[in-house]
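Structure first, then comments.
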Amino acid sequence: MKTFKSGGVHPAENKLSANVAIQPLQLSKRVFIPISQNLGAPSQPVVKKGDEVKVGQLIAKGEAFISAHVHSSVSGKVFKVDEVIDSSGYRRPAVIIDVKDDEWEESIDKSEELKKEISFSKDEIVKKINEMGIVGLGGATFPSHVKLMVPEGKKAEVLLINGVECEPYLTSDHRLMMEKAEEILIGTKILMKGLGVDKAVIGIENNKPDAIEHLAQLCQNYDGITVQALKVKYPQGGEKQLIKAVTGREVPSGKLPIEVGCVVNNVGTAFAVYEAVQKNKPLFERVVTVTGKNIHNPQNFLVRIGTPVSELIEAVGGLPEDTGKIVSGGPMMGKALISQDVPVVKGTSGILLFNEQESHRAPLKACIRCAKCIQVCPMGLEPVLLAQLSDHQKWDEVEKERVMDCIECGSCHYTCPSGRPLLDYIRLGKFRVGQIIRNRSKN
Amino acid sequence: MGLLTVSGSPHVHQDLSVKKIMYGVVFAMIPAMLVSVYFFGLDALRVILISSAACMFFEWLIQKYIIKGPVTIDDGSALVTGVLLAFNVPSNLPVWIILIGAFVSIGLAKMSFGGLGKNPFNPALVGRVFLLISFPVQMTTWPVPRPLFAQKLVDTVTGPTPLGILKEGIKDKANTVQQLFDEGIKAIVDGQEVFYKLPDYVDELIGFQGGSLGEVSAIALVLGALYMLYRRIITWHIPVSYLLSAFIFAGIFWMIDPTYYVNPLFHLVTGGMMLGVFYMATDMVSSPMSPKGQIIFGVGCGVITMIIRFWGAYPEGVSFAILIMNAFTPIINRSFKPKRFGEVVKNG
């Protein structure tokens, strides 16, 4: 069975909600929609206090090349344009809307009918995806239309659809593949057309045999799309690891996947692309797994963007007494939230609750140079060295040891028998080296 | 509910700790301990217990009263050093020498460098080599193995190790290797003539040979090593490269001159080879970290071991070889980096 070669770990999977069908979450009374939810330049709000908005109406515009539009996820009245604390813990500008009814823009096709025929040209597809504010839903939230614009001199050969979902606990992609498989395949076809490639591979780890079988069967009706089962190994959902696992190609250090003729999109993104292009529906809702060992009924909710996390937790029976940590995303790369008021954004794949005991780090011990962090690093780096150099603020050497290659998968800290927070140090190193590189290019 | 914990990812951790690794190593050494008691009796147990207790005691003493820092003897690292030191000495070693060895291992080789993780050399080996140089007589007076419950098989209580017989026997080409297997070397013990023969391979594998108490049984040591490999406490890189390079190096000379050079397999199952290869060269703290570096390290150990065994003053070279390569570990770490992802563009 295929997988990427070097490094990787296998944390306990804990896919508690794998068999729970996607349920729409009840509408919130008030939503908090951050106006910049994607990588790249911030978007600008185009509504003001008191404005009436409909579901799907544009509320913030992404003007820059790498930016994305944001649409209202509800209908109602703009309460104010203010700031909210997001998953990073920083205050970010957001449009706060008081919800009234559920009135959608007329242009959106609300029917369940499957629309297979793709009537748009390559350029129209890119334009449509841009207009509908589609970003990568795997977590990095890179604007999707930008990925379709292949730079001069490069050639896309194969589209990879990421159905790996290598993060423990999360099941939103799994459920989507089970319940919206046809839509994902049509979305994939649209992306293939937008890219101008005739080959697409959907990579799925073999802890989801039902999804592999289901999609493999359906994709027989879709020319050029195949399913590739992959051996379970974290972080296979990382773009570079997935490309390596499926195609054997290695994206050069500091380069994008297009360098080796690949473009990667998440299954959730493929589904969003289907809805955007075929149904005219902007990206204003997504599937979010709400899970944790002390939740009785972990769920996969279809959630409107801007819904406070507290409402998702309420919907699974409220916050358990001994909750010690709330994580947005998976346990390996997710962010610990500072409160339940943080809103769901385009990149929120799950809400994970840990009890008090699971929330704490193990006591810090001396490094015994066991080299396990080196063994598990999927990028072939030396986390122990990077951490040490960062600690000593030797930024030149940190850069030379390729800190910028780090994908922050956390395998090093995960495996460290001495409980050393290697990734904390490496993040610091990346941050400083990033600054240095930017300053250098300015001069 | 109290306050929420906010910390950087990852939020889950592998069920692994220094303690688990160290006690895993101790567990892996149990077969060799049992064999040592089988062949050397309660004397072996005595040395193991004294050495372990002494190492833990010295660590406690130094941490509590000299460093005045946290006491970490429960992490098992001092215990590992204690058992390894015991494995590296003869079973009849006097208590006071064991105590000196334990003090040198823990005090000099480990704590003076800053404790666990900071020592450049394997502590147990430093202790052993210190004793070997300071007390050469006691350290090379080897009790003859006597299987428990068995009849008295030999007349003498001490005798040379196979490597000692080899070194002595082929000196100045006095005997051929074959003669050493068939007739052995002559020695006078208590006015009587005795002959020490090289043991056959079966005896060497199960441990029926003279030597340090923990090194004699290749089978028991390999058994424990397999457990450590399974638990991923060690990786294959150092043991395989060490054994293979020693085998090839010895093999070349054996092929050139089989009369005076013994079959390379002999070298793998005698002396401290198996103990050194699996339990001391693989010491995490003092060996290189990248797979490539570990292979270089293993090859260095293998070659130096054989050079010392062939041409050195000592019949045995494992301890010196590993300590010499320990000294090269920092430079190996700097020179042999793991293969970076995306460094070589491979398309296919």
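Quick note on naming: the chains in the structure tokens go A, B, ... in the order shown, residues restart at 1 in each chain, and ligands are numbered from 1 in order of appearance.
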Residues of chain A no more than 6 Å from chain B, counting only C-alpha atoms: send them over as a PyMOL selection string. chain A and resi 249-253+321-322+324-325+331-333+336+367-371+379-380+410+414-415+417-418
Produce a file of the selected residues containing C-alpha atoms, as a CSV table (one decimal), in the first residue's frame.
```csv
chain,number,residue,atom,x,y,z
A,249,ARG,CA,7.3,13.0,-6.7
A,250,GLU,CA,9.0,15.3,-4.2
A,251,VAL,CA,8.1,19.0,-4.2
A,252,PRO,CA,11.5,20.8,-4.0
A,253,SER,CA,12.2,22.7,-0.8
A,321,GLU,CA,-17.9,19.4,33.5
A,322,ASP,CA,-14.2,18.6,33.4
A,324,GLY,CA,-9.8,21.4,30.1
A,325,LYS,CA,-9.2,22.4,26.5
A,331,PRO,CA,-5.4,17.2,17.9
A,332,MET,CA,-2.1,17.3,15.9
A,333,MET,CA,-2.4,20.7,14.2
A,336,ALA,CA,-6.5,25.6,21.4
A,367,CYS,CA,16.6,15.5,26.0
A,368,ILE,CA,18.2,12.1,25.8
A,369,ARG,CA,19.1,12.5,22.1
A,370,CYS,CA,17.1,9.5,21.2
A,371,ALA,CA,16.6,11.0,17.7
A,379,MET,CA,10.5,16.8,6.0
A,380,GLY,CA,13.8,15.2,7.0
A,410,GLY,CA,3.8,18.3,15.3
A,414,TYR,CA,4.1,14.1,19.7
A,415,THR,CA,6.8,11.5,19.8
A,417,PRO,CA,9.7,10.9,25.3
A,418,SER,CA,11.0,13.8,27.3
```
Leaving out Lys173 of chain B and any residue of its chain fewer than 4 positions from it, which residues lie within 10 Å of it when counting only C-alpha atoms, given as a PyMOL selection string? chain B and resi 168-169+177+259-260
Per-residue DSSP, segment 189-305 of chain A, filtered to alpha helix (DSSP H), as a PyMOL selection string: chain A and resi 189-195+209-218+239-247+267-279
So that I have them on file, write out the residues from the current selection with C-alpha atoms, as a JSON list (two decimals), in the first residue's frame.
```json
[["chain", "number", "residue", "atom", "x", "y", "z"],
["A", 189, "LYS", "CA", -14.27, 17.33, -12.82],
["A", 190, "ILE", "CA", -14.82, 21.10, -12.60],
["A", 191, "LEU", "CA", -11.41, 21.58, -11.00],
["A", 192, "MET", "CA", -9.83, 19.39, -13.70],
["A", 193, "LYS", "CA", -11.40, 21.56, -16.37],
["A", 194, "GLY", "CA", -10.34, 24.73, -14.57],
["A", 195, "LEU", "CA", -6.79, 23.44, -14.43],
["A", 209, "PRO", "CA", -12.56, 1.45, 3.50],
["A", 210, "ASP", "CA", -16.21, 2.41, 3.02],
["A", 211, "ALA", "CA", -15.27, 5.74, 1.47],
["A", 212, "ILE", "CA", -12.61, 4.12, -0.73],
["A", 213, "GLU", "CA", -15.09, 1.55, -2.01],
["A", 214, "HIS", "CA", -17.90, 4.05, -2.48],
["A", 215, "LEU", "CA", -15.83, 6.56, -4.43],
["A", 216, "ALA", "CA", -13.96, 3.90, -6.40],
["A", 217, "GLN", "CA", -17.27, 2.53, -7.60],
["A", 218, "LEU", "CA", -18.77, 5.91, -8.50],
["A", 239, "GLU", "CA", 0.22, 18.49, 0.57],
["A", 240, "LYS", "CA", 3.81, 17.45, -0.03],
["A", 241, "GLN", "CA", 3.36, 14.09, 1.71],
["A", 242, "LEU", "CA", 0.24, 13.32, -0.30],
["A", 243, "ILE", "CA", 1.98, 14.13, -3.57],
["A", 244, "LYS", "CA", 4.90, 11.92, -2.57],
["A", 245, "ALA", "CA", 2.58, 9.10, -1.53],
["A", 246, "VAL", "CA", 0.44, 9.14, -4.67],
["A", 247, "THR", "CA", 2.87, 10.14, -7.41],
["A", 267, "VAL", "CA", -12.55, 16.80, -0.84],
["A", 268, "GLY", "CA", -14.43, 19.50, 1.06],
["A", 269, "THR", "CA", -13.11, 22.05, -1.39],
["A", 270, "ALA", "CA", -14.21, 19.87, -4.32],
["A", 271, "PHE", "CA", -17.68, 19.76, -2.81],
["A", 272, "ALA", "CA", -17.70, 23.54, -2.29],
["A", 273, "VAL", "CA", -16.57, 24.00, -5.89],
["A", 274, "TYR", "CA", -19.48, 21.85, -7.07],
["A", 275, "GLU", "CA", -21.94, 23.97, -5.12],
["A", 276, "ALA", "CA", -20.33, 27.21, -6.25],
["A", 277, "VAL", "CA", -20.19, 26.41, -9.95],
["A", 278, "GLN", "CA", -23.26, 24.21, -10.42],
["A", 279, "LYS", "CA", -25.54, 25.70, -7.79]]
```
Leaving out Gly76 of chain B and any residue of its chain fewer than 3 positions from it, which residues lie within 6 Å of it when counting only C-alpha atoms, given as a count of residues only? 4
Contacts of Gly306 of chain A at 8 Å or less, counting only C-alpha atoms, minus same-chain residues fewer than 4 places along, as a ChimeraX atom specification? /A:31-34,73,343-345
Mind dumping the selected residues with N, CA and C atoms as a compact mmCIF listing (two decimals), in the first residue's frame?
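Written file, result_11.txt:
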```
# COMPACT_ATOMS: atom_id res chain seq x y z
N VAL A 31 -24.54 35.80 14.31
CA VAL A 31 -23.29 35.21 13.82
C VAL A 31 -22.20 36.26 13.76
N PHE A 32 -20.96 35.79 13.85
CA PHE A 32 -19.78 36.67 13.86
C PHE A 32 -18.88 36.22 12.71
N ILE A 33 -18.96 36.93 11.60
CA ILE A 33 -18.24 36.45 10.42
C ILE A 33 -16.96 37.27 10.22
N PRO A 34 -15.82 36.68 10.55
CA PRO A 34 -14.56 37.39 10.30
C PRO A 34 -14.43 37.70 8.81
N SER A 73 -23.65 34.24 5.88
CA SER A 73 -24.12 32.86 6.03
C SER A 73 -25.57 32.83 6.51
N PRO A 343 -15.85 32.19 16.56
CA PRO A 343 -16.77 31.70 15.53
C PRO A 343 -16.14 30.65 14.62
N VAL A 344 -17.04 29.82 14.06
CA VAL A 344 -16.60 28.87 13.03
C VAL A 344 -16.25 29.66 11.77
N VAL A 345 -15.11 29.35 11.18
CA VAL A 345 -14.71 30.00 9.93
C VAL A 345 -14.55 28.95 8.84
```
Quote the spacing between atom CA of Lys54 of chain A and atom CA of Leu176 of chain A in Å to one decimal place.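 One can read the atom CA of Lys54 of chain A to atom CA of Leu176 of chain A distance as 25.9 Å.
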Which is closer to Val290 of chain A than all the others in A:Lys255, A:Lys15, A:His392, A:His69, using only C-alpha atoms?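 Comparing A:Lys255, A:Lys15, A:His392, A:His69 against Val290 of chain A, the winner is A:Lys15.
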Excluding Lys197 of chain B and any residue of its chain fewer than 3 positions from it, enumerate the residues within 6 Å of it, using only C-alpha atoms, and give them as number ranges by chain. B: 180-181, 183-184
If we count only C-alpha atoms and set the cut-off at 12 Å, which residues sit around Gly69 of chain B, ignoring sequence neighbours fewer than 2 positions away in its own chain? Please answer as number ranges by chain. B: 59-67, 71-73, 111, 114-115
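Taking atom CA of Ala109 of chain B as the reference point, atom CA of Pro123 of chain B is found at 5.0 Å.
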Please compute the atom CA of Phe40 of chain B-atom CA of Pro145 of chain B distance, one decimal, in Å.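 These atoms are spaced 5.5 Å apart.
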Using only C-alpha atoms, find the one residue out of A:Gly318, A:Pro363, A:Pro257, A:Pro298 that sits nearest to Gly238 of chain A.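 Distance minimum relative to Gly238 of chain A lands on A:Pro257.
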Got a sec: who's within 6 Å of Met29 of chain B, counting only C-alpha atoms, leaving out chain neighbours fewer than 3 positions off, as a list in words? Val26, Ala32 and Gly224 of chain B
